[in-house]
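**Q** For reference, the file run-v3.cif (mmCIF, C-alpha atoms and all ligand atoms) is included below:
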data_my_file
#
loop_
_atom_site.label_atom_id
_atom_site.label_comp_id
_atom_site.auth_asym_id
_atom_site.auth_seq_id
_atom_site.Cartn_x
_atom_site.Cartn_y
_atom_site.Cartn_z
CA MET A 1 -23.02 -1.90 6.39
CA ARG A 2 -23.39 -1.44 10.18
CA THR A 3 -21.84 -4.43 11.90
CA ALA A 4 -20.61 -5.32 15.36
CA LEU A 5 -17.13 -4.81 13.96
CA ASP A 6 -14.64 -1.97 14.01
CA ILE A 7 -13.38 -1.86 10.41
CA ARG A 8 -10.61 0.54 9.41
CA ARG A 9 -8.88 1.37 6.16
CA ALA A 10 -5.32 2.58 5.92
CA GLY A 11 -4.57 6.26 5.35
CA GLU A 12 -1.48 8.36 5.85
CA ARG A 13 -0.47 11.02 8.39
CA GLU A 14 2.66 13.16 8.36
CA VAL A 15 4.76 12.95 11.52
CA ALA A 16 7.84 14.53 13.00
CA PRO A 17 10.02 13.10 15.77
CA SER A 18 10.12 15.37 18.78
CA GLY A 19 13.28 16.44 20.56
CA ASP A 20 16.79 16.89 19.15
CA ALA A 21 18.74 14.07 17.58
CA ARG A 22 21.18 12.38 19.98
CA ALA A 23 24.63 11.06 19.22
CA TYR A 24 25.03 7.27 19.36
CA ARG A 25 27.78 4.70 18.92
CA TRP A 26 26.13 2.54 16.24
CA THR A 27 26.56 -1.22 15.81
CA VAL A 28 25.29 -2.04 12.33
CA VAL A 29 23.79 -5.46 11.52
CA GLY A 30 23.23 -6.04 7.79
CA PRO A 31 25.04 -5.68 4.50
CA GLU A 32 27.90 -3.18 4.41
CA ARG A 33 26.61 -1.78 1.12
CA HIS A 34 23.24 -0.80 2.67
CA PRO A 35 22.72 2.92 1.99
CA LEU A 36 22.27 3.67 5.72
CA ALA A 37 25.44 1.85 6.82
CA ALA A 38 27.87 4.57 5.80
CA ALA A 39 25.61 7.34 7.11
CA LEU A 40 25.30 5.73 10.55
CA ARG A 41 29.04 5.07 10.75
CA ALA A 42 29.69 8.72 9.90
CA ALA A 43 27.24 9.82 12.61
CA SER A 44 28.68 7.40 15.19
CA ARG A 45 30.51 8.89 18.24
CA ASP A 46 32.87 6.71 20.35
CA ASP A 47 31.94 8.47 23.59
CA ALA A 48 28.16 8.27 22.99
CA PRO A 49 25.65 5.63 24.26
CA GLU A 50 25.43 2.40 22.28
CA ALA A 51 22.73 1.78 19.68
CA VAL A 52 22.04 -1.08 17.28
CA ALA A 53 20.70 -0.72 13.73
CA VAL A 54 19.55 -3.61 11.58
CA LEU A 55 19.51 -2.68 7.90
CA LEU A 56 17.38 -4.66 5.44
CA GLY A 57 16.72 -4.32 1.72
CA ARG A 58 13.73 -4.31 -0.60
CA THR A 59 12.69 -7.93 -0.11
CA PHE A 60 12.90 -10.13 2.95
CA HIS A 61 15.37 -13.03 2.82
CA GLN A 62 15.71 -15.90 5.31
CA VAL A 63 19.02 -14.47 6.51
CA ASP A 64 17.07 -11.39 7.67
CA ASN A 65 15.44 -13.49 10.41
CA ARG A 66 18.93 -14.10 11.85
CA ARG A 67 19.88 -10.44 11.44
CA LEU A 68 16.74 -9.24 13.21
CA LEU A 69 17.13 -11.68 16.12
CA ARG A 70 20.83 -10.82 16.52
CA ALA A 71 20.15 -7.08 16.56
CA ILE A 72 17.20 -7.40 18.94
CA ARG A 73 19.14 -9.62 21.39
CA THR A 74 22.13 -7.26 21.31
CA ALA A 75 19.95 -4.20 21.93
CA VAL A 76 18.02 -5.93 24.75
CA ALA A 77 21.25 -7.09 26.42
CA ARG A 78 22.77 -3.60 26.24
CA GLY A 79 19.52 -1.78 27.03
CA SER A 80 20.22 0.39 24.00
CA ARG A 81 18.32 2.07 21.17
CA LEU A 82 17.27 -0.34 18.38
CA ALA A 83 16.63 0.87 14.84
CA VAL A 84 15.21 -1.18 11.96
CA VAL A 85 15.67 0.50 8.58
CA HIS A 86 14.49 -1.21 5.40
CA LEU A 87 13.62 -0.48 1.78
CA GLY A 88 10.39 -2.53 1.73
CA ALA A 89 11.51 -5.86 3.24
CA GLY A 90 9.74 -5.25 6.56
CA GLY A 91 10.79 -6.64 9.93
CA GLY A 92 9.57 -3.81 12.14
CA SER A 93 6.77 -5.84 13.74
CA LEU A 94 9.27 -8.23 15.37
CA ALA A 95 11.33 -5.36 16.80
CA ARG A 96 8.20 -3.54 18.01
CA THR A 97 7.00 -6.72 19.74
CA ALA A 98 10.40 -6.97 21.47
CA ALA A 99 9.97 -3.36 22.65
CA ILE A 100 6.65 -4.33 24.30
CA GLU A 101 8.30 -7.33 25.95
CA HIS A 102 11.25 -5.18 27.13
CA PRO A 103 9.90 -1.75 28.09
CA GLY A 104 13.48 -0.39 28.39
CA LEU A 105 14.08 -0.99 24.68
CA SER A 106 13.63 2.15 22.61
CA CYS A 107 12.74 1.03 19.10
CA VAL A 108 12.50 3.01 15.83
CA VAL A 109 11.37 1.51 12.53
CA ALA A 110 11.80 3.31 9.22
CA GLU A 111 10.93 2.25 5.68
CA LEU A 112 12.51 4.20 2.83
CA THR A 113 9.54 4.02 0.45
CA GLY A 114 11.00 6.13 -2.32
CA GLY A 115 14.44 4.52 -2.26
CA PRO A 116 17.67 5.63 -0.60
CA THR A 117 17.85 9.16 -2.01
CA PRO A 118 20.25 11.53 -0.19
CA ALA A 119 17.23 13.32 1.38
CA ALA A 120 15.71 10.03 2.57
CA VAL A 121 19.02 8.80 4.01
CA ARG A 122 19.52 12.12 5.86
CA ALA A 123 15.96 12.03 7.25
CA ALA A 124 16.26 8.37 8.31
CA THR A 125 19.62 8.98 9.99
CA ALA A 126 18.08 11.82 12.01
CA LEU A 127 14.92 9.80 12.74
CA VAL A 128 16.71 6.79 14.24
CA ALA A 129 18.69 9.11 16.53
CA ALA A 130 15.70 11.21 17.66
CA ALA A 131 15.47 11.80 21.40
CA SER A 132 11.72 10.95 21.38
CA PRO A 133 11.21 8.48 18.55
CA VAL A 134 7.86 7.82 16.90
CA THR A 135 6.68 4.42 18.17
CA ALA A 136 4.75 3.46 15.01
CA GLU A 137 6.57 2.41 11.85
CA VAL A 138 7.60 5.51 9.88
CA ARG A 139 7.72 5.81 6.10
CA VAL A 140 10.38 8.09 4.70
CA ASP A 141 9.67 9.24 1.16
CA ARG A 142 12.23 10.23 -1.48
CA ASP A 143 12.15 13.87 -0.29
CA GLY A 144 12.72 12.88 3.33
CA ARG A 145 9.10 13.49 4.44
CA LEU A 146 7.95 11.26 7.28
CA SER A 147 4.53 9.64 7.64
CA THR A 148 2.79 6.82 9.49
CA THR A 149 -0.35 4.80 8.76
CA ASP A 150 -3.53 6.40 10.02
CA TRP A 151 -6.57 4.15 10.38
CA HIS A 152 -9.97 5.56 9.34
CA PRO A 153 -13.31 3.92 10.24
CA THR A 154 -15.05 2.50 7.19
CA ASP A 155 -18.12 0.41 6.30
CA LEU A 156 -18.54 -2.58 4.02
CA PRO A 157 -21.26 -2.85 1.35
CA ALA A 158 -24.59 -4.31 2.48
CA ALA A 159 -24.99 -8.04 1.85
CA ALA A 160 -27.71 -7.36 -0.71
CA GLY A 161 -25.27 -5.34 -2.87
CA THR A 162 -23.33 -6.40 -5.94
CA ALA A 163 -22.71 -10.12 -6.28
CA GLY A 164 -19.10 -11.29 -6.25
CA PRO A 165 -17.56 -13.35 -9.05
CA ALA A 166 -18.94 -16.89 -9.61
CA GLY A 167 -16.90 -20.04 -10.40
CA THR A 168 -14.38 -21.99 -8.33
CA VAL A 169 -12.46 -20.67 -5.34
CA LEU A 170 -9.27 -22.05 -3.79
CA VAL A 171 -9.28 -21.85 0.01
CA THR A 172 -5.91 -22.64 1.58
CA GLY A 173 -6.16 -23.83 5.18
CA GLY A 174 -9.68 -24.71 4.04
CA LEU A 175 -10.24 -27.34 6.73
CA GLY A 176 -9.25 -24.93 9.51
CA GLY A 177 -11.64 -23.19 11.89
CA LEU A 178 -12.10 -20.11 9.71
CA GLY A 179 -11.22 -21.51 6.26
CA LEU A 180 -14.05 -24.03 6.33
CA ARG A 181 -16.60 -21.41 7.42
CA VAL A 182 -15.38 -18.98 4.75
CA ALA A 183 -15.78 -21.76 2.18
CA ALA A 184 -19.35 -22.30 3.46
CA VAL A 185 -20.14 -18.58 3.05
CA LEU A 186 -18.74 -18.53 -0.48
CA ALA A 187 -20.57 -21.72 -1.45
CA CYS A 188 -23.93 -21.01 0.17
CA ARG A 189 -24.19 -17.26 -0.52
CA HIS A 190 -22.15 -16.91 -3.73
CA GLY A 191 -22.57 -20.35 -5.34
CA LEU A 192 -18.81 -20.89 -5.58
CA HIS A 193 -17.33 -24.38 -5.72
CA PRO A 194 -14.54 -24.48 -3.09
CA ILE A 195 -11.28 -26.37 -3.41
CA LEU A 196 -9.98 -26.80 0.11
CA ALA A 197 -6.19 -27.22 0.27
CA ASP A 198 -4.90 -28.11 3.70
CA THR A 199 -2.33 -30.24 5.51
CA ALA A 200 -5.19 -31.44 7.70
CA THR A 201 -7.64 -34.11 6.52
CA PRO A 202 -11.44 -34.29 6.89
CA GLU A 203 -11.16 -37.28 9.26
CA ARG A 204 -9.81 -34.88 11.90
CA LEU A 205 -12.83 -32.57 11.78
CA GLY A 206 -15.11 -32.20 14.81
CA THR A 207 -18.90 -32.42 14.58
CA ALA A 208 -19.55 -28.72 13.84
CA ALA A 209 -16.83 -28.56 11.17
CA ARG A 210 -18.07 -31.79 9.60
CA TRP A 211 -21.56 -30.24 9.42
CA HIS A 212 -20.15 -27.26 7.44
CA LEU A 213 -18.29 -29.57 5.07
CA ASP A 214 -21.44 -31.64 4.42
CA ARG A 215 -23.46 -28.46 3.87
CA ILE A 216 -20.97 -27.22 1.24
CA ALA A 217 -20.93 -30.66 -0.43
CA ALA A 218 -24.73 -30.59 -0.67
CA THR A 219 -24.81 -27.00 -2.01
CA THR A 220 -22.09 -26.59 -4.65
CA GLY A 221 -19.97 -29.69 -4.19
CA VAL A 222 -16.49 -29.44 -2.69
CA THR A 223 -13.01 -30.64 -3.62
CA VAL A 224 -10.65 -31.46 -0.76
CA ARG A 225 -6.92 -31.73 -1.44
CA ARG A 226 -4.23 -32.59 1.08
CA ALA A 227 -1.41 -30.14 0.32
CA ASP A 228 1.32 -28.24 2.13
CA VAL A 229 1.01 -24.75 0.65
CA SER A 230 4.61 -23.96 1.55
CA ASP A 231 5.70 -26.61 -0.99
CA GLY A 232 5.15 -25.29 -4.52
CA ALA A 233 5.50 -28.69 -6.24
CA ALA A 234 3.05 -30.31 -3.81
CA MET A 235 0.56 -27.52 -4.47
CA ARG A 236 0.83 -27.91 -8.24
CA GLN A 237 0.39 -31.66 -7.94
CA ALA A 238 -2.58 -31.36 -5.58
CA LEU A 239 -4.43 -28.92 -7.82
CA ALA A 240 -3.66 -30.67 -11.11
CA GLY A 241 -6.77 -32.14 -12.69
CA THR A 242 -9.32 -30.87 -10.19
CA GLY A 243 -11.43 -30.18 -13.32
CA SER A 244 -13.74 -27.80 -11.53
CA GLY A 245 -13.75 -24.84 -13.95
CA PRO A 246 -11.80 -21.57 -13.85
CA LEU A 247 -10.53 -20.42 -10.48
CA VAL A 248 -11.95 -16.96 -9.91
CA GLY A 249 -10.81 -16.53 -6.33
CA VAL A 250 -8.18 -17.41 -3.76
CA VAL A 251 -8.76 -17.15 -0.04
CA HIS A 252 -5.50 -17.65 1.84
CA CYS A 253 -6.20 -18.96 5.33
CA ALA A 254 -3.31 -21.42 5.85
CA GLY A 255 -1.29 -20.42 8.86
CA LEU A 256 0.27 -21.46 12.14
CA LEU A 257 0.39 -19.71 15.48
CA ARG A 258 3.63 -20.05 17.49
CA GLY A 259 3.93 -17.97 20.64
CA GLY A 260 6.90 -17.07 22.84
CA PRO A 261 9.17 -14.13 23.68
CA VAL A 262 11.10 -12.67 20.74
CA THR A 263 14.52 -13.13 22.38
CA ALA A 264 13.83 -16.86 22.92
CA GLY A 265 13.00 -17.33 19.22
CA THR A 266 15.15 -18.94 16.55
CA ALA A 267 15.55 -18.09 12.88
CA ALA A 268 14.22 -21.57 12.01
CA GLY A 269 11.16 -20.93 14.18
CA LEU A 270 10.47 -17.62 12.43
CA THR A 271 10.90 -19.24 9.01
CA ALA A 272 8.47 -22.03 9.90
CA VAL A 273 5.68 -19.57 10.75
CA GLN A 274 6.38 -17.56 7.59
CA ALA A 275 6.33 -20.62 5.28
CA ALA A 276 2.57 -21.30 5.30
CA LYS A 277 1.75 -17.59 5.18
CA VAL A 278 4.20 -16.05 2.72
CA ASP A 279 5.41 -18.99 0.59
CA GLY A 280 1.85 -20.31 0.77
CA LEU A 281 0.39 -17.17 -0.80
CA ARG A 282 3.02 -17.16 -3.56
CA HIS A 283 2.39 -20.82 -4.38
CA ALA A 284 -1.40 -20.41 -4.33
CA LEU A 285 -1.14 -17.60 -6.86
CA GLU A 286 1.32 -19.59 -8.98
CA VAL A 287 -1.12 -22.47 -9.52
CA VAL A 288 -4.00 -20.32 -10.78
CA ASP A 289 -4.58 -18.54 -14.09
CA ARG A 290 -3.85 -14.92 -13.16
CA HIS A 291 -6.06 -13.61 -15.94
CA ALA A 292 -9.15 -15.52 -14.74
CA LEU A 293 -8.66 -14.52 -11.09
CA ARG A 294 -11.10 -11.86 -9.77
CA ARG A 295 -10.62 -11.86 -5.98
CA VAL A 296 -7.81 -12.59 -3.55
CA LEU A 297 -8.71 -12.48 0.14
CA VAL A 298 -5.73 -12.76 2.45
CA PHE A 299 -6.19 -13.58 6.13
CA GLY A 300 -3.67 -11.50 8.05
CA SER A 301 -3.49 -10.48 11.68
CA ILE A 302 -3.83 -7.19 13.53
CA THR A 303 -0.68 -8.18 15.47
CA ALA A 304 1.41 -7.16 12.46
CA GLU A 305 0.23 -3.58 12.98
CA ARG A 306 -0.41 -3.57 16.74
CA PRO A 307 2.15 -5.93 18.22
CA HIS A 308 1.35 -8.08 21.21
CA ARG A 309 3.60 -9.69 23.82
CA SER A 310 4.61 -13.28 22.89
CA LEU A 311 3.30 -12.98 19.33
CA GLY A 312 6.43 -11.61 17.63
CA ALA A 313 6.97 -14.53 15.22
CA TYR A 314 3.31 -14.47 14.25
CA ALA A 315 3.31 -10.67 13.85
CA LEU A 316 6.36 -10.81 11.58
CA ALA A 317 4.87 -13.62 9.45
CA ASN A 318 1.70 -11.56 9.02
CA GLU A 319 3.63 -8.39 8.24
CA LEU A 320 5.61 -10.25 5.55
CA LEU A 321 2.35 -11.79 4.27
CA ARG A 322 0.79 -8.35 3.88
CA ARG A 323 3.87 -6.97 2.10
CA CYS A 324 3.96 -10.02 -0.19
CA ALA A 325 0.23 -9.63 -0.99
CA VAL A 326 0.68 -5.95 -1.86
CA ARG A 327 3.59 -6.81 -4.16
CA LEU A 328 1.83 -9.72 -5.89
CA ALA A 329 -1.42 -7.75 -6.36
CA ALA A 330 0.30 -5.55 -8.93
CA ASP A 331 0.72 -8.65 -11.11
CA LEU A 332 -2.96 -9.66 -11.08
CA PRO A 333 -4.57 -7.80 -13.97
CA ALA A 334 -8.23 -8.59 -13.14
CA ALA A 335 -8.19 -9.40 -9.44
CA ALA A 336 -8.93 -7.21 -6.47
CA THR A 337 -6.73 -8.14 -3.51
CA LEU A 338 -7.95 -7.59 0.03
CA VAL A 339 -5.71 -8.03 3.03
CA ALA A 340 -7.92 -8.35 6.11
CA GLU A 341 -5.83 -7.91 9.27
CA TRP A 342 -8.13 -9.48 11.83
CA SER A 343 -8.18 -9.27 15.57
CA ILE A 344 -8.51 -12.60 17.32
CA TRP A 345 -11.75 -14.47 16.43
CA SER A 346 -14.12 -15.94 19.01
CA GLY A 347 -16.34 -18.92 18.24
CA ALA A 348 -13.95 -20.81 15.93
CA GLY A 349 -10.36 -20.82 14.76
CA MET A 350 -6.89 -21.08 16.23
CA ALA A 351 -7.45 -18.67 19.14
CA HIS A 352 -10.85 -20.08 20.05
CA GLY A 353 -9.15 -23.46 20.44
CA THR A 354 -6.46 -22.06 22.78
CA PRO A 355 -7.71 -22.01 26.39
CA GLY A 356 -7.94 -18.46 27.78
CA ALA A 357 -6.78 -16.74 24.55
CA VAL A 358 -10.04 -14.95 23.73
CA ALA A 359 -10.53 -13.74 27.33
CA ALA A 360 -6.88 -12.57 27.43
CA ALA A 361 -7.36 -10.63 24.18
CA ARG A 362 -10.37 -8.81 25.67
CA ARG A 363 -8.27 -7.86 28.73
CA LEU A 364 -5.54 -6.54 26.41
CA ASN A 365 -8.06 -4.27 24.70
CA LEU A 366 -8.07 -6.39 21.56
CA PRO A 367 -11.83 -6.93 21.09
CA PRO A 368 -12.44 -10.30 19.41
CA VAL A 369 -14.27 -10.72 16.11
CA PRO A 370 -17.46 -12.73 16.79
CA LEU A 371 -18.03 -15.52 14.28
CA GLY A 372 -21.40 -14.27 12.89
CA PRO A 373 -20.38 -10.64 12.14
CA GLY A 374 -16.94 -11.85 11.02
CA MET A 375 -18.43 -14.16 8.40
CA ALA A 376 -20.91 -11.43 7.37
CA ALA A 377 -17.83 -9.26 6.77
CA VAL A 378 -16.25 -11.99 4.63
CA ASP A 379 -19.47 -12.08 2.58
CA ALA A 380 -19.33 -8.29 2.16
CA LEU A 381 -15.59 -8.33 1.34
CA TRP A 382 -16.33 -10.73 -1.50
CA ARG A 383 -18.81 -8.20 -2.91
CA LEU A 384 -16.51 -5.15 -2.64
CA PRO A 385 -16.17 -3.32 -5.96
CA ALA A 386 -13.00 -4.54 -7.62
CA ALA A 387 -9.91 -2.38 -7.94
CA PRO A 388 -7.74 -4.77 -9.98
CA GLY A 389 -4.00 -4.70 -9.74
CA ARG A 390 -3.74 -3.34 -6.23
CA ALA A 391 -4.23 -4.46 -2.66
CA GLN A 392 -6.50 -2.86 -0.12
CA ARG A 393 -5.75 -3.25 3.60
CA LEU A 394 -8.46 -3.44 6.25
CA LEU A 395 -7.95 -3.71 10.00
CA ILE A 396 -10.91 -5.59 11.50
CA ALA A 397 -11.64 -6.02 15.22
CA GLY A 398 -14.69 -6.51 17.42
CA ARG A 399 -16.22 -3.60 19.30
N1 LIG A 401 -8.48 -17.41 14.47
C1 LIG A 401 -8.03 -16.20 14.74
O1 LIG A 401 -8.23 -15.68 15.84
C2 LIG A 401 -7.29 -15.43 13.69
C3 LIG A 401 -7.05 -14.06 13.88
C4 LIG A 401 -6.36 -13.34 12.92
C5 LIG A 401 -5.90 -14.00 11.79
N2 LIG A 401 -6.12 -15.34 11.64
C6 LIG A 401 -5.58 -16.01 10.46
O2 LIG A 401 -6.64 -16.64 9.77
C7 LIG A 401 -6.16 -17.83 9.14
C8 LIG A 401 -7.07 -18.99 9.52
O3 LIG A 401 -6.97 -19.17 10.92
P1 LIG A 401 -7.79 -20.27 11.71
O4 LIG A 401 -8.19 -19.66 12.98
O5 LIG A 401 -8.78 -20.89 10.85
O6 LIG A 401 -6.62 -21.32 12.02
P2 LIG A 401 -6.71 -22.90 12.10
O7 LIG A 401 -8.02 -23.34 12.64
O8 LIG A 401 -5.48 -23.34 12.80
O9 LIG A 401 -6.64 -23.30 10.57
C9 LIG A 401 -5.49 -23.14 9.81
C10 LIG A 401 -5.45 -24.30 8.86
O10 LIG A 401 -4.29 -24.14 8.04
C11 LIG A 401 -3.67 -25.40 7.93
N3 LIG A 401 -2.28 -25.23 7.60
C12 LIG A 401 -1.26 -24.84 8.37
N4 LIG A 401 -0.11 -24.84 7.69
C13 LIG A 401 -0.42 -25.26 6.44
C14 LIG A 401 0.33 -25.48 5.28
N5 LIG A 401 1.65 -25.28 5.25
N6 LIG A 401 -0.30 -25.91 4.18
C15 LIG A 401 -1.65 -26.14 4.18
N7 LIG A 401 -2.40 -25.95 5.26
C16 LIG A 401 -1.80 -25.52 6.38
C17 LIG A 401 -3.87 -26.01 9.29
O11 LIG A 401 -3.65 -27.40 9.23
P3 LIG A 401 -3.00 -28.16 10.49
O12 LIG A 401 -4.09 -28.24 11.51
O13 LIG A 401 -2.60 -29.46 9.89
O14 LIG A 401 -1.84 -27.31 10.95
C18 LIG A 401 -5.30 -25.65 9.59
O15 LIG A 401 -6.20 -26.60 9.06
C19 LIG A 401 -4.73 -18.01 9.61
O16 LIG A 401 -3.86 -17.55 8.61
C20 LIG A 401 -4.63 -17.11 10.82
O17 LIG A 401 -3.31 -16.63 11.02
C21 LIG A 401 -6.81 -16.08 12.56
#
Since I need it in another form, could you write the structure as structure tokens?
Ligand SMILES: NC(=O)c1ccc[n+]([C@@H]2O[C@H](COP(=O)([O-])OP(=O)(O)OC[C@H]3O[C@@H](n4cnc5c(N)ncnc54)[C@H](OP(=O)(O)O)[C@@H]3O)[C@@H](O)[C@H]2O)c1

**A**
Amino acid sequence: MRTALDIRRAGEREVAPSGDARAYRWTVVGPERHPLAAALRAASRDDAPEAVAVLLGRTFHQVDNRRLLRAIRTAVARGSRLAVVHLGAGGGSLARTAAIEHPGLSCVVAELTGGPTPAAVRAATALVAAASPVTAEVRVDRDGRLSTTDWHPTDLPAAAGTAGPAGTVLVTGGLGGLGLRVAAVLACRHGLHPILADTATPERLGTAARWHLDRIAATTGVTVRRADVSDGAAMRQALAGTGSGPLVGVVHCAGLLRGGPVTAGTAAGLTAVQAAKVDGLRHALEVVDRHALRRVLVFGSITAERPHRSLGAYALANELLRRCAVRLAADLPAAATLVAEWSIWSGAGMAHGTPGAVAAARRLNLPPVPLGPGMAAVDALWRLPAAPGRAQRLLIAGR
């Protein structure tokens, strides 16, 4: 489908750091038993420039927010090299945002995708010490080969193509600027009955939003539930007895935007932004019958991949959301999971409501997603041929 959008799917490209490896005096933040800790200590030289490495595991824990902030602040204060090495947990988007906010900070991010084999540990140890590091996040496979994500232009199926699954759909953040419009698309074009789960209530809606809610109510009917998606028990309680048939889809739109420089952030602040996104997705998938589920559409942000000044907390929450969605997709036997990593939207939503945000995004070469083409893309995403049990990533911006 030709749209006014720039849509890209993730591919892979081999990379090599240029220049020789340098010697560093490493400060290691993270568990002593991390496979990189001993290797970095062995490579450390007392008379060499300082460098800081934060080492994280396979899954992200709350304590990792503290570790990341500590390592970033230390590296910024010393003006030293910063390395983030993890086994799948993530965290690189926060460090890469800090590197944009502090141009003197030289940041390297490596994920050991095939585990900490001796070859991977050797390659990662050389990578984090490279004279000219790769600025994108680097994956290190079990044989020590390095690659980054390469983004290829792609199209979506035409709106007249295959119909998506019919039934009931749960939309978290369903009273928000985008969630409500997505619910309208799914109700009016796909005949789905939406359950809108949100901390907000319909009384707060403006005239345009109210019009969408009334339109959905008149088309397929709508169920509105006040629920904090970051609270699993509250979600279960809110969705109990909705009696609206099998849930065939989940659209996860609940989220918060908190801006500010990375070094001014707190671990509690990072956790708060992650709660609606990451815990919210887990809880939404816990309250549905996994076997009946056909589609999961996750609203992520392009900032997780292309960091932007002052959006470190948001970028990290969206990176962790994407990683969580990829992990959970493997456990959904009949559902196709799509992670759409959107640029800022114009016309509705959290950025539209922030004075100057859309204009600023245009200046920063982050073309906004216009509402009409964006919702046409949502329609097309719902029709994408299913590839159950795995997640597909799409980066979507305006042109
Ligand atoms: N708009 C954009 O430019 C853009 C770009 C890229 C990605 N996204 C993502 O798209 C999604 C939808 O964004 P939007 O623009 O529609 O934002 P929005 O207008 O702020 O709507 C988000 C909705 O989620 C609700 N919410 C927040 N925390 C919640 C929680 N813990 N439990 C239940 N509901 C909660 C909010 O309620 P309250 O008002 O009570 O907080 C709000 O109604 C978000 O995840 C956002 O990160 C948006």

**Q** Just give me the residues with any atom within 10 Å of (-5.6, -3.7, -7.0), file coordinates, counting all atoms listed in the file, written as a PyMOL selection string.

**A** chain A and resi 295-296+326+328-338+386-392

**Q** I'd like to know which of A:Val185, A:Ala234, A:Leu394, A:Leu175 is closest to ligand LIG 401 (chain A), using only C-alpha atoms and all ligand atoms.

**A** A:Leu175

**Q** Quick one: residues within 12 Å of Glu12 (chain A), only C-alpha atoms, excluding same-chain residues fewer than 3 positions away - as an NGL selection string?

**A** :A and (9 or 15 or 137-140 or 145-152)

**Q** Given 3 Å of margin on each side, can you work out the centre and size in Å (one decimal) of an axis-aligned box holding every listed atom of ligand LIG 401 (chain A), as AutoDock Vina command-line options?

**A**
--center_x -3.6 --center_y -21.4 --center_z 10.0 --size_x 16.4 --size_y 22.1 --size_z 17.7

**Q** Select from chain A every residue with an atom at most 6 Å from any atom of ligand LIG 401 (chain A), then for each give the shortest pair of atoms and their distance in Å to one decimal, using only C-alpha atoms and all ligand atoms, rows by chain and rising number, as a Markdown table.

**A**
| residue | atom | partner | partner_atom | distance |
| --- | --- | --- | --- | --- |
| A:Gly173 | CA | A:LIG401 | O10 | 3.4 |
| A:Leu175 | CA | A:LIG401 | O15 | 4.7 |
| A:Gly176 | CA | A:LIG401 | O9 | 3.3 |
| A:Gly177 | CA | A:LIG401 | O7 | 3.7 |
| A:Leu178 | CA | A:LIG401 | O5 | 3.6 |
| A:Gly179 | CA | A:LIG401 | O5 | 5.2 |
| A:Asp198 | CA | A:LIG401 | N7 | 3.7 |
| A:Thr199 | CA | A:LIG401 | N7 | 4.3 |
| A:Ala200 | CA | A:LIG401 | O13 | 3.9 |
| A:Ala227 | CA | A:LIG401 | C15 | 5.6 |
| A:Asp228 | CA | A:LIG401 | N6 | 3.5 |
| A:Val229 | CA | A:LIG401 | N6 | 3.9 |
| A:Ser230 | CA | A:LIG401 | N5 | 4.9 |
| A:Cys253 | CA | A:LIG401 | C7 | 4.0 |
| A:Ala254 | CA | A:LIG401 | O10 | 3.6 |
| A:Gly255 | CA | A:LIG401 | O16 | 3.9 |
| A:Leu256 | CA | A:LIG401 | C12 | 5.3 |
| A:Ala276 | CA | A:LIG401 | N5 | 4.1 |
| A:Phe299 | CA | A:LIG401 | O2 | 4.8 |
| A:Gly300 | CA | A:LIG401 | C5 | 5.0 |
| A:Ser301 | CA | A:LIG401 | C4 | 4.2 |
| A:Trp342 | CA | A:LIG401 | C4 | 4.4 |
| A:Ser343 | CA | A:LIG401 | C4 | 5.2 |
| A:Ile344 | CA | A:LIG401 | O1 | 3.4 |
| A:Trp345 | CA | A:LIG401 | O1 | 3.8 |
| A:Gly349 | CA | A:LIG401 | O4 | 3.0 |
| A:Met350 | CA | A:LIG401 | O4 | 3.8 |
| A:Ala351 | CA | A:LIG401 | O1 | 4.5 |

**Q** Between CA of Val224 (chain A) and CA of Glu203 (chain A), measure the distance and give it in Å to one decimal.

**A**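 Separating CA of Val224 (chain A) from CA of Glu203 (chain A) is a distance of 11.6 Å.
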
**Q** Could you tell me how far CA of Arg383 (chain A) lies from CA of Ala218 (chain A), in Å and to one decimal?

**A**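 Going from CA of Arg383 (chain A) over to CA of Ala218 (chain A), I get 23.3 Å.
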
**Q** Any idea what the distance is between CA of Cys107 (chain A) and CA of Gly19 (chain A)?

**A** 15.5 Å

**Q** Tell me, as a list in words, which residues lie within 12 Å of Ala268 (chain A), counting all atoms listed in the file; anything in the same chain fewer than 5 positions away does not count.

**A**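 Here the qualifying residues turn out to be Gln62, Val63, Asp64, Asn65, Arg66, Leu69, Val273, Gln274, Ala275 and Ala313 of chain A.
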
**Q** With distances taken over all atoms listed in the file, which residue among A:Arg306, A:Arg282, A:Arg363, A:Arg294 lies nearest Leu384 (chain A)?

**A** A:Arg294

**Q** Which neighbours of Ala292 (chain A) fall inside 8 Å, counting only C-alpha atoms, when residues of the same chain fewer than 6 positions from it are skipped, and could you give them as a VMD selection string?

**A** chain A and resid 246 to 248 334

**Q** Would you please work out which residue, of A:Ala317, A:Ala126, A:Trp26, A:Pro368, is nearest to Arg258 (chain A) when using all atoms listed in the file?

**A**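 Of A:Ala317, A:Ala126, A:Trp26, A:Pro368, the one nearest Arg258 (chain A) is A:Ala317, counting all atoms listed in the file.
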
**Q** Skip region 314-316 of chain A itself and residues of its chain fewer than 6 positions away, then list as a ChimeraX atom specification all residues within 6 Å of it, counting only C-alpha atoms.

**A** /A:93-94,303-304

**Q** I want to know what sits within 10 Å of region 110-122 of chain A, based on all atoms listed in the file, with residues of the same chain fewer than 4 positions away left out; could you give that as JSON, numbers by chain?

**A** {"A": [34, 35, 36, 37, 38, 39, 40, 55, 56, 57, 58, 83, 84, 85, 86, 87, 88, 89, 90, 91, 92, 126, 127, 128, 134, 136, 137, 138, 139, 140, 141, 142, 143, 144, 145, 146, 147, 148]}
